[in-house]
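Undergrad: Have a look at this one.
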Amino acid sequence: MSHDLLSKLDIRYPIIQAPMAGISTPALAAAVSQAGGLGSIAVGTSTPEQARAAIAAVREKTDRPFNVNVFTHAPAQADPAREAAWLAWLRPHFARFGAEPPARLSEIYRSFLADEAMFALLLEQRPAVVSFHFGLPPQEKIDALKAAGIVLFTTATSLDEARRIEAAGIDVIVAQGIEAGGHRGIFDPSAPDPALPTVELLEQLHGKVSLPLVAAGGIMDGKHIRTALYHGASAVQMGSAFIACPESMAPPHHRALIAAGSGLRTEMTAVISGRPARGIANALFTEVGAAGHPPLPDYPITYDAAKALHAAASAKGSQDYSVNWGGTNFAQARAMPAAELVALLAAEMNETA
């Protein structure tokens with residue numbers, strides 16, 4: 001199955017660089033693709049114009065296949081009372097830096113479900129792969145993208161989601177374990193999260209769905225890749241492993257935390273963006289996310305508040321409220337050019353135990 005997926009994607013190694021919004025760059029994606037993996041860019045936080053420029057930037061650097069990722073969450077519903085209560089909760093944190101919370105919050109990112117211009121752009125540009133995170137788009141969009149010759153990925157965190165993905169005619173399932181950094185791909189964040197580790201999720205899906213599985217969550221080296229392949233994955237998707245690469249957009253503080261590594265921990269929280277996501281714990285997790293906080297505004301309206309709070313803190317020299325996404329094994333990230341990392345991963349993967 002692994003060989004079949006590699007042929008389908010026209011890549012040499014079963015290594016996919018995760019599409020990390022705010023971290024991945026055209027340079028990172030191109031380097032990974034050029035080295036024999038599948039590079040990815042994330043356009044879920046972009047306008048169609050920005051997405052067009054990012055796709056062009058990748059193509060300037062490589063003629064190899066790459067993945068374009070979009071967010072398929074339910075569009076946010078504004079709720080002024082809920083948003084005001086959330087800003088009131090944050091007021092003491094802003095006050096630490098002599099700042100006021102914003103007067104109002106907005107939906108800073110548009111869902112692919114409501115972005116016809118982004119859909120039209122993907123049909124026009126026809127990247128080799130388009131991946132969906134947070135759920136499935138309408139069937140007619142899936143069918144149109146497939147008819148354009150695009151291979152489609154969707155993230156699943158459970159067997160139920162995987163079966164829905166298969167029924168929709170998607171080509172590949174990204175099986176996201178609870179170890180993964182960044183946002184959980186869970187379809188309905190109000191439903192219970194099975195919180196399955198990557199290997200356990202692979203074992204649940206293997207044999208129950210016929211689509212190729214891409215393992216995501218906690219995978220940092222060649223031994224981890226071998227383990228995922230042993231448990232039924234056809235490839236792996238790695239995010240945290242690439243954050244320390246010079247081609248990523250990770251800011252200095254994020255890189256410093258990765259380098260500090262073992263003394264830090266990750267946690268899952270929804271208080272940063274409005275949807276559950278794993279990152280390196282700081283005041284956003286422990287204080288903003290403290291027990292008793294009011295109901296969160298919808299994703300990504302909540303994120304607007306977190307970004308404003310970080311800006312206020314950062315202006316006074318504090319990184320206490322910075323957002324540093326990372327998986328449970330983030331401290332194992334290696335700071336080296338992406339092409340070198342892909343070559344090293346491939347070599348490690350092929351070592352005999």
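Labeling convention for the structure tokens: chains A, B, ... as they appear, residues from 1 per chain, ligands from 1 in order of appearance.
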Within 7 Å of stretch 319-331 of chain A, counting only C-alpha atoms, which residues qualify if same-chain residues fewer than 5 places away don't, as a PyMOL selection string?
TA: chain A and resi 179-182+217-218+240-241+254+258-259+261-262+266+278-280+282-284+309-310+313-314
Undergrad: Limited to N, CA, C and O atoms, could you put the picked residues into a file as a short mmCIF file (atom, residue, chain, number, x, y, z; two decimals), in the first residue's frame?
TA:
data_model
loop_
_atom_site.label_atom_id
_atom_site.label_comp_id
_atom_site.auth_asym_id
_atom_site.auth_seq_id
_atom_site.Cartn_x
_atom_site.Cartn_y
_atom_site.Cartn_z
N GLU A 179 -1.20 13.04 19.95
CA GLU A 179 0.13 13.62 20.17
C GLU A 179 0.41 14.81 19.26
O GLU A 179 1.35 15.57 19.49
N ALA A 180 -0.36 14.96 18.19
CA ALA A 180 -0.05 15.96 17.15
C ALA A 180 -0.12 17.38 17.69
O ALA A 180 -1.01 17.72 18.48
N GLY A 181 0.79 18.21 17.21
CA GLY A 181 0.77 19.62 17.55
C GLY A 181 -0.24 20.37 16.71
O GLY A 181 -0.72 19.88 15.69
N GLY A 182 -0.55 21.60 17.13
CA GLY A 182 -1.52 22.41 16.40
C GLY A 182 -2.94 21.93 16.59
O GLY A 182 -3.25 21.22 17.56
N GLY A 217 1.20 12.70 14.20
CA GLY A 217 1.18 12.87 15.65
C GLY A 217 2.35 12.18 16.32
O GLY A 217 2.40 10.95 16.39
N GLY A 218 3.31 12.97 16.79
CA GLY A 218 4.42 12.43 17.56
C GLY A 218 5.55 11.82 16.74
O GLY A 218 6.48 11.26 17.31
N SER A 240 5.93 19.07 13.75
CA SER A 240 6.92 19.58 14.72
C SER A 240 8.35 19.30 14.27
O SER A 240 9.26 20.08 14.55
N ALA A 241 8.56 18.20 13.56
CA ALA A 241 9.91 17.84 13.11
C ALA A 241 10.50 18.90 12.18
O ALA A 241 11.72 19.03 12.09
N HIS A 254 9.86 30.77 19.56
CA HIS A 254 9.40 29.40 19.31
C HIS A 254 10.60 28.47 19.12
O HIS A 254 10.67 27.37 19.70
N ILE A 258 11.92 25.19 21.48
CA ILE A 258 12.25 23.86 20.95
C ILE A 258 13.66 23.46 21.37
O ILE A 258 13.91 22.32 21.79
N ALA A 259 14.58 24.40 21.30
CA ALA A 259 15.96 24.12 21.69
C ALA A 259 16.05 23.81 23.19
O ALA A 259 16.83 22.94 23.61
N GLY A 261 13.58 22.58 25.00
CA GLY A 261 13.05 21.22 24.90
C GLY A 261 12.55 20.54 26.14
O GLY A 261 11.46 20.82 26.62
N SER A 262 13.38 19.66 26.68
CA SER A 262 12.90 18.62 27.59
C SER A 262 12.26 19.15 28.87
O SER A 262 11.44 18.46 29.47
N THR A 266 3.74 20.10 26.57
CA THR A 266 2.64 20.57 25.73
C THR A 266 1.31 20.25 26.41
O THR A 266 1.22 19.32 27.22
N ARG A 278 -2.89 21.71 20.31
CA ARG A 278 -1.77 21.39 21.22
C ARG A 278 -0.60 22.33 20.96
O ARG A 278 -0.18 22.54 19.82
N GLY A 279 -0.09 22.88 22.07
CA GLY A 279 1.08 23.73 21.98
C GLY A 279 1.90 23.67 23.25
O GLY A 279 1.53 22.99 24.22
N ILE A 280 3.01 24.39 23.25
CA ILE A 280 3.90 24.45 24.41
C ILE A 280 3.25 25.35 25.45
O ILE A 280 2.93 26.51 25.18
N ASN A 282 2.04 27.82 28.27
CA ASN A 282 2.46 29.10 28.85
C ASN A 282 1.24 29.73 29.50
O ASN A 282 0.26 29.04 29.80
N ALA A 283 1.26 31.04 29.71
CA ALA A 283 0.16 31.71 30.42
C ALA A 283 -1.18 31.58 29.70
O ALA A 283 -2.24 31.63 30.33
N LEU A 284 -1.16 31.43 28.38
CA LEU A 284 -2.42 31.23 27.66
C LEU A 284 -3.12 29.97 28.14
O LEU A 284 -4.35 29.93 28.26
N LEU A 309 -3.85 39.95 22.49
CA LEU A 309 -3.18 39.85 23.78
C LEU A 309 -1.68 39.62 23.60
O LEU A 309 -0.85 40.25 24.27
N HIS A 310 -1.32 38.75 22.68
CA HIS A 310 0.10 38.53 22.41
C HIS A 310 0.78 39.80 21.91
O HIS A 310 1.90 40.13 22.32
N ALA A 313 1.43 42.05 24.86
CA ALA A 313 2.52 41.56 25.69
C ALA A 313 3.86 41.72 24.97
O ALA A 313 4.85 42.16 25.57
N SER A 314 3.87 41.36 23.70
CA SER A 314 5.10 41.41 22.92
C SER A 314 5.65 42.84 22.82
O SER A 314 6.87 43.07 22.85
#
Undergrad: Could you give me the residues within stretch 47-241 of chain A that DSSP places in strand (DSSP E or B), as a PyMOL selection string?
TA: chain A and resi 66-71+129-133+151-156+172-176+182-183+206+209+213-216+235-238
Undergrad: Which is closer to A:Arg64 than all the others in A:Ile108, A:Ala78, A:Ile16, A:Leu9, using only C-alpha atoms?
TA: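 Closest to A:Arg64, using only C-alpha atoms: A:Leu9.
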Undergrad: Kindly provide the residues of stretch 225-305 of chain A that approach stretch 89-103 of chain A to within 8 Å, each paired with its closest atom pair and their distance in Å to one decimal, based on only C-alpha atoms, listed by chain and increasing number, as a Markdown table.
TA:
| residue | atom | partner | partner_atom | distance |
| --- | --- | --- | --- | --- |
| A:Val288 | CA | A:Leu90 | CA | 7.1 |
| A:His293 | CA | A:Trp89 | CA | 7.1 |
| A:Pro294 | CA | A:Trp89 | CA | 7.3 |
| A:Ala305 | CA | A:Pro102 | CA | 7.5 |
Undergrad: Using only C-alpha atoms, which residue out of A:Asp63, A:Ile173, A:Gly274, A:Leu264 lies closest to A:Gly232?
TA: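 Among A:Asp63, A:Ile173, A:Gly274, A:Leu264, it is A:Ile173 that comes nearest to A:Gly232.
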Undergrad: Counting only C-alpha atoms, give me one row per residue of stretch 9-45 of chain A with an atom at most 10 Å from an atom of stretch 333-352 of chain A, showing the shortest contact pair and its distance in Å to one decimal, sorted by chain then residue number, as a tab-separated table.
TA:
residue	atom	partner	partner_atom	distance
A:Arg12	CA	A:Ala346	CA	9.5
A:Tyr13	CA	A:Ala346	CA	6.8
A:Pro14	CA	A:Ala346	CA	8.6
A:Ile15	CA	A:Val342	CA	7.6
A:Ile16	CA	A:Val342	CA	9.5
A:Gln17	CA	A:Val342	CA	9.4
A:Ala27	CA	A:Ala338	CA	9.3
A:Leu28	CA	A:Ala338	CA	6.6
A:Ala29	CA	A:Ala338	CA	8.7
A:Ala30	CA	A:Ala339	CA	9.3
A:Ala31	CA	A:Ala339	CA	5.6
A:Val32	CA	A:Ala339	CA	5.7
A:Ser33	CA	A:Ala339	CA	8.6
A:Gln34	CA	A:Ala339	CA	7.6
A:Ala35	CA	A:Ala339	CA	5.3
A:Gly36	CA	A:Val342	CA	7.6
A:Gly37	CA	A:Val342	CA	7.0
A:Gly39	CA	A:Ala338	CA	9.9
Undergrad: Kindly indicate which residue among A:Leu113, A:Ala168, A:Ala228, A:Ala308 lies nearest to A:Asp143, using only C-alpha atoms for the distances.
TA: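 Closest to A:Asp143, using only C-alpha atoms: A:Ala168.
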Undergrad: Set the distance at 10 Å and use only C-alpha atoms: which residues neighbour stretch 47-60 of chain A once local chain neighbours fewer than 4 positions away are removed? I'd like the list as a CSV table (one decimal) with all heavy atoms, in the first residue's frame.
TA:
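Saved as part.csv:
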chain,number,residue,atom,x,y,z
A,25,THR,N,6.1,27.5,5.0
A,25,THR,CA,6.4,28.5,3.9
A,25,THR,C,6.5,27.9,2.6
A,25,THR,O,6.8,26.7,2.5
A,25,THR,CB,7.7,29.3,4.2
A,25,THR,OG1,8.8,28.4,4.2
A,25,THR,CG2,7.6,30.0,5.6
A,26,PRO,N,6.4,28.6,1.5
A,26,PRO,CA,6.7,28.1,0.2
A,26,PRO,C,8.1,27.5,0.1
A,26,PRO,O,8.3,26.5,-0.5
A,26,PRO,CB,6.5,29.3,-0.7
A,26,PRO,CG,5.4,30.1,-0.1
A,26,PRO,CD,5.8,30.0,1.4
A,27,ALA,N,9.0,28.2,0.7
A,27,ALA,CA,10.4,27.7,0.7
A,27,ALA,C,10.5,26.3,1.4
A,27,ALA,O,11.2,25.4,0.9
A,27,ALA,CB,11.4,28.7,1.4
A,28,LEU,N,9.8,26.1,2.5
A,28,LEU,CA,9.9,24.8,3.2
A,28,LEU,C,9.2,23.8,2.4
A,28,LEU,O,9.8,22.7,2.2
A,28,LEU,CB,9.2,25.0,4.6
A,28,LEU,CG,9.1,23.7,5.5
A,28,LEU,CD1,10.4,23.2,5.8
A,28,LEU,CD2,8.3,24.0,6.7
A,29,ALA,N,8.0,24.1,1.9
A,29,ALA,CA,7.3,23.1,1.1
A,29,ALA,C,8.1,22.7,-0.2
A,29,ALA,O,8.2,21.5,-0.5
A,29,ALA,CB,6.0,23.6,0.6
A,30,ALA,N,8.7,23.6,-0.8
A,30,ALA,CA,9.5,23.3,-2.0
A,30,ALA,C,10.7,22.5,-1.7
A,30,ALA,O,11.1,21.6,-2.4
A,30,ALA,CB,9.9,24.6,-2.7
A,31,ALA,N,11.4,22.8,-0.6
A,31,ALA,CA,12.6,22.0,-0.2
A,31,ALA,C,12.2,20.6,0.1
A,31,ALA,O,12.9,19.7,-0.3
A,31,ALA,CB,13.2,22.7,1.0
A,33,SER,N,9.5,18.9,-1.0
A,33,SER,CA,9.1,18.2,-2.3
A,33,SER,C,10.3,17.9,-3.1
A,33,SER,O,10.5,16.8,-3.7
A,33,SER,CB,8.1,19.1,-3.0
A,33,SER,OG,6.9,19.1,-2.3
A,39,GLY,N,5.9,18.3,0.2
A,39,GLY,CA,5.8,19.6,1.0
A,39,GLY,C,4.4,20.1,1.0
A,39,GLY,O,3.6,19.7,0.1
A,40,SER,N,4.1,20.9,2.0
A,40,SER,CA,2.7,21.5,2.1
A,40,SER,C,2.7,22.9,2.5
A,40,SER,O,3.6,23.4,3.2
A,40,SER,CB,1.9,20.7,3.2
A,40,SER,OG,1.9,19.3,3.0
A,41,ILE,N,1.8,23.7,1.9
A,41,ILE,CA,1.5,25.0,2.4
A,41,ILE,C,0.1,25.1,2.9
A,41,ILE,O,-0.8,24.3,2.5
A,41,ILE,CB,1.7,26.1,1.3
A,41,ILE,CG1,0.9,25.8,0.0
A,41,ILE,CG2,3.2,26.2,0.9
A,41,ILE,CD1,0.9,26.9,-1.0
A,42,ALA,N,-0.1,25.9,3.9
A,42,ALA,CA,-1.4,26.1,4.5
A,42,ALA,C,-2.0,27.4,4.1
A,42,ALA,O,-1.4,28.5,4.3
A,42,ALA,CB,-1.3,26.1,6.1
A,43,VAL,N,-3.2,27.4,3.5
A,43,VAL,CA,-3.8,28.7,3.1
A,43,VAL,C,-5.1,28.9,3.8
A,43,VAL,O,-5.9,29.8,3.5
A,43,VAL,CB,-4.1,28.7,1.5
A,43,VAL,CG1,-2.7,28.6,0.8
A,43,VAL,CG2,-5.0,27.6,1.1
A,64,ARG,N,8.1,19.7,-8.5
A,64,ARG,CA,7.6,18.5,-7.8
A,64,ARG,C,6.2,18.7,-7.2
A,64,ARG,O,5.8,19.9,-7.0
A,64,ARG,CB,8.5,18.1,-6.7
A,64,ARG,CG,10.0,17.8,-7.2
A,64,ARG,CD,10.1,16.8,-8.2
A,64,ARG,NE,9.5,15.5,-7.8
A,64,ARG,CZ,8.9,14.6,-8.5
A,64,ARG,NH1,8.7,14.9,-9.8
A,64,ARG,NH2,8.4,13.5,-8.0
A,65,PRO,N,5.4,17.7,-7.0
A,65,PRO,CA,4.1,17.8,-6.4
A,65,PRO,C,4.1,18.4,-5.0
A,65,PRO,O,5.1,18.2,-4.2
A,65,PRO,CB,3.6,16.4,-6.3
A,65,PRO,CG,4.4,15.6,-7.2
A,65,PRO,CD,5.7,16.3,-7.2
A,66,PHE,N,3.1,19.1,-4.6
A,66,PHE,CA,3.0,19.6,-3.2
A,66,PHE,C,1.5,19.7,-2.8
A,66,PHE,O,0.6,19.6,-3.7
A,66,PHE,CB,3.7,21.0,-3.0
A,66,PHE,CG,3.1,22.1,-3.9
A,66,PHE,CD1,2.2,23.0,-3.4
A,66,PHE,CD2,3.6,22.3,-5.2
A,66,PHE,CE1,1.7,24.0,-4.2
A,66,PHE,CE2,3.1,23.3,-6.0
A,66,PHE,CZ,2.1,24.2,-5.5
A,67,ASN,N,1.3,19.9,-1.6
A,67,ASN,CA,-0.1,19.9,-1.0
A,67,ASN,C,-0.5,21.3,-0.6
A,67,ASN,O,0.3,22.1,0.0
A,67,ASN,CB,-0.1,19.0,0.3
A,67,ASN,CG,-1.3,19.2,1.1
A,67,ASN,OD1,-2.4,19.4,0.7
A,67,ASN,ND2,-1.1,19.1,2.4
A,68,VAL,N,-1.7,21.7,-0.8
A,68,VAL,CA,-2.3,23.0,-0.4
A,68,VAL,C,-3.5,22.6,0.6
A,68,VAL,O,-4.4,21.9,0.2
A,68,VAL,CB,-2.9,23.8,-1.6
A,68,VAL,CG1,-3.5,25.1,-1.1
A,68,VAL,CG2,-1.7,24.1,-2.6
A,109,TYR,N,-10.3,34.5,9.9
A,109,TYR,CA,-10.1,33.6,8.8
A,109,TYR,C,-11.4,33.1,8.3
A,109,TYR,O,-12.3,32.8,9.0
A,109,TYR,CB,-9.3,32.3,9.3
A,109,TYR,CG,-8.0,32.6,10.0
A,109,TYR,CD1,-7.7,31.9,11.2
A,109,TYR,CD2,-7.2,33.6,9.7
A,109,TYR,CE1,-6.6,32.1,11.9
A,109,TYR,CE2,-6.0,33.9,10.4
A,109,TYR,CZ,-5.7,33.1,11.5
A,109,TYR,OH,-4.6,33.3,12.2
A,110,ARG,N,-11.5,33.0,7.0
A,110,ARG,CA,-12.7,32.6,6.3
A,110,ARG,C,-12.7,31.0,6.1
A,110,ARG,O,-11.7,30.5,5.6
A,110,ARG,CB,-12.9,33.3,5.0
A,110,ARG,CG,-14.3,33.2,4.4
A,110,ARG,CD,-14.4,34.2,3.3
A,110,ARG,NE,-15.8,34.3,2.8
A,110,ARG,CZ,-16.2,34.9,1.7
A,110,ARG,NH1,-15.3,35.5,1.0
A,110,ARG,NH2,-17.4,34.9,1.4
A,115,ASP,N,-15.9,30.1,1.1
A,115,ASP,CA,-15.0,30.9,0.3
A,115,ASP,C,-15.0,30.4,-1.1
A,115,ASP,O,-14.1,29.5,-1.5
A,115,ASP,CB,-13.6,30.8,0.9
A,115,ASP,CG,-12.6,31.8,0.4
A,115,ASP,OD1,-12.9,32.4,-0.7
A,115,ASP,OD2,-11.6,32.1,1.1
A,116,GLU,N,-15.9,30.9,-1.9
A,116,GLU,CA,-16.0,30.4,-3.3
A,116,GLU,C,-14.8,30.8,-4.1
A,116,GLU,O,-14.4,30.1,-5.1
A,116,GLU,CB,-17.3,31.0,-4.0
A,116,GLU,CG,-18.5,30.4,-3.4
A,116,GLU,CD,-18.6,28.9,-3.5
A,116,GLU,OE1,-18.3,28.3,-4.5
A,116,GLU,OE2,-19.1,28.3,-2.5
A,117,ALA,N,-14.2,32.0,-3.8
A,117,ALA,CA,-13.0,32.4,-4.5
A,117,ALA,C,-11.8,31.5,-4.3
A,117,ALA,O,-11.0,31.2,-5.2
A,117,ALA,CB,-12.6,33.8,-4.1
A,118,MET,N,-11.7,30.9,-3.1
A,118,MET,CA,-10.6,30.0,-2.8
A,118,MET,C,-10.8,28.7,-3.6
A,118,MET,O,-9.9,28.1,-4.2
A,118,MET,CB,-10.4,29.7,-1.3
A,118,MET,CG,-9.2,28.9,-0.9
A,118,MET,SD,-7.7,29.9,-1.1
A,118,MET,CE,-7.7,30.8,0.4
A,119,PHE,N,-12.1,28.3,-3.6
A,119,PHE,CA,-12.4,27.0,-4.4
A,119,PHE,C,-12.1,27.2,-5.8
A,119,PHE,O,-11.5,26.4,-6.5
A,119,PHE,CB,-13.9,26.8,-4.1
A,119,PHE,CG,-14.5,25.7,-5.0
A,119,PHE,CD1,-13.9,24.4,-5.0
A,119,PHE,CD2,-15.6,25.9,-5.8
A,119,PHE,CE1,-14.5,23.4,-5.8
A,119,PHE,CE2,-16.2,24.9,-6.6
A,119,PHE,CZ,-15.6,23.6,-6.5
A,120,ALA,N,-12.5,28.4,-6.4
A,120,ALA,CA,-12.2,28.6,-7.8
A,120,ALA,C,-10.7,28.7,-8.1
A,120,ALA,O,-10.2,28.2,-9.1
A,120,ALA,CB,-12.8,30.0,-8.2
A,121,LEU,N,-9.9,29.2,-7.1
A,121,LEU,CA,-8.5,29.3,-7.3
A,121,LEU,C,-7.9,27.9,-7.3
A,121,LEU,O,-7.0,27.6,-8.2
A,121,LEU,CB,-7.9,30.1,-6.1
A,121,LEU,CG,-6.3,30.1,-6.1
A,121,LEU,CD1,-5.8,31.0,-7.2
A,121,LEU,CD2,-5.8,30.6,-4.7
A,122,LEU,N,-8.3,27.0,-6.4
A,122,LEU,CA,-7.8,25.6,-6.4
A,122,LEU,C,-8.1,24.9,-7.7
A,122,LEU,O,-7.3,24.2,-8.3
A,122,LEU,CB,-8.3,24.9,-5.2
A,122,LEU,CG,-7.9,25.4,-3.9
A,122,LEU,CD1,-8.5,24.6,-2.7
A,122,LEU,CD2,-6.3,25.3,-3.7
A,124,GLU,N,-8.5,26.3,-10.6
A,124,GLU,CA,-7.7,26.9,-11.6
A,124,GLU,C,-6.2,26.5,-11.5
A,124,GLU,O,-5.6,26.1,-12.5
A,124,GLU,CB,-7.8,28.4,-11.5
A,124,GLU,CG,-6.8,29.2,-12.4
A,124,GLU,CD,-6.5,30.6,-11.8
A,124,GLU,OE1,-7.5,31.3,-11.5
A,124,GLU,OE2,-5.4,31.0,-11.7
A,125,GLN,N,-5.7,26.4,-10.3
A,125,GLN,CA,-4.3,26.2,-10.1
A,125,GLN,C,-3.9,24.7,-10.1
A,125,GLN,O,-2.8,24.3,-10.4
A,125,GLN,CB,-3.8,26.8,-8.8
A,125,GLN,CG,-3.8,28.3,-8.8
A,125,GLN,CD,-2.7,28.9,-9.7
A,125,GLN,OE1,-1.6,28.4,-9.7
A,125,GLN,NE2,-3.1,29.9,-10.5
A,126,ARG,N,-4.9,23.9,-9.7
A,126,ARG,CA,-4.7,22.4,-9.7
A,126,ARG,C,-3.4,21.9,-9.1
A,126,ARG,O,-2.6,21.3,-9.7
A,126,ARG,CB,-4.8,21.9,-11.1
A,126,ARG,CG,-6.2,22.2,-11.8
A,126,ARG,CD,-6.4,21.4,-13.1
A,126,ARG,NE,-7.6,21.8,-13.7
A,126,ARG,CZ,-8.2,21.1,-14.7
A,126,ARG,NH1,-7.7,20.0,-15.1
A,126,ARG,NH2,-9.4,21.5,-15.2
A,127,PRO,N,-3.2,22.2,-7.8
A,127,PRO,CA,-2.1,21.6,-7.1
A,127,PRO,C,-2.2,20.1,-7.1
A,127,PRO,O,-3.4,19.6,-7.2
A,127,PRO,CB,-2.1,22.2,-5.7
A,127,PRO,CG,-3.6,22.6,-5.5
A,127,PRO,CD,-4.1,23.0,-6.9
Undergrad: So that I can see what lies close to A:Pro80, please list as a ChimeraX atom specification the residues with an atom at most 10 Å from it, counting only C-alpha atoms and leaving out residues fewer than 4 positions away in the same chain.
TA: /A:84-86,104-105,297
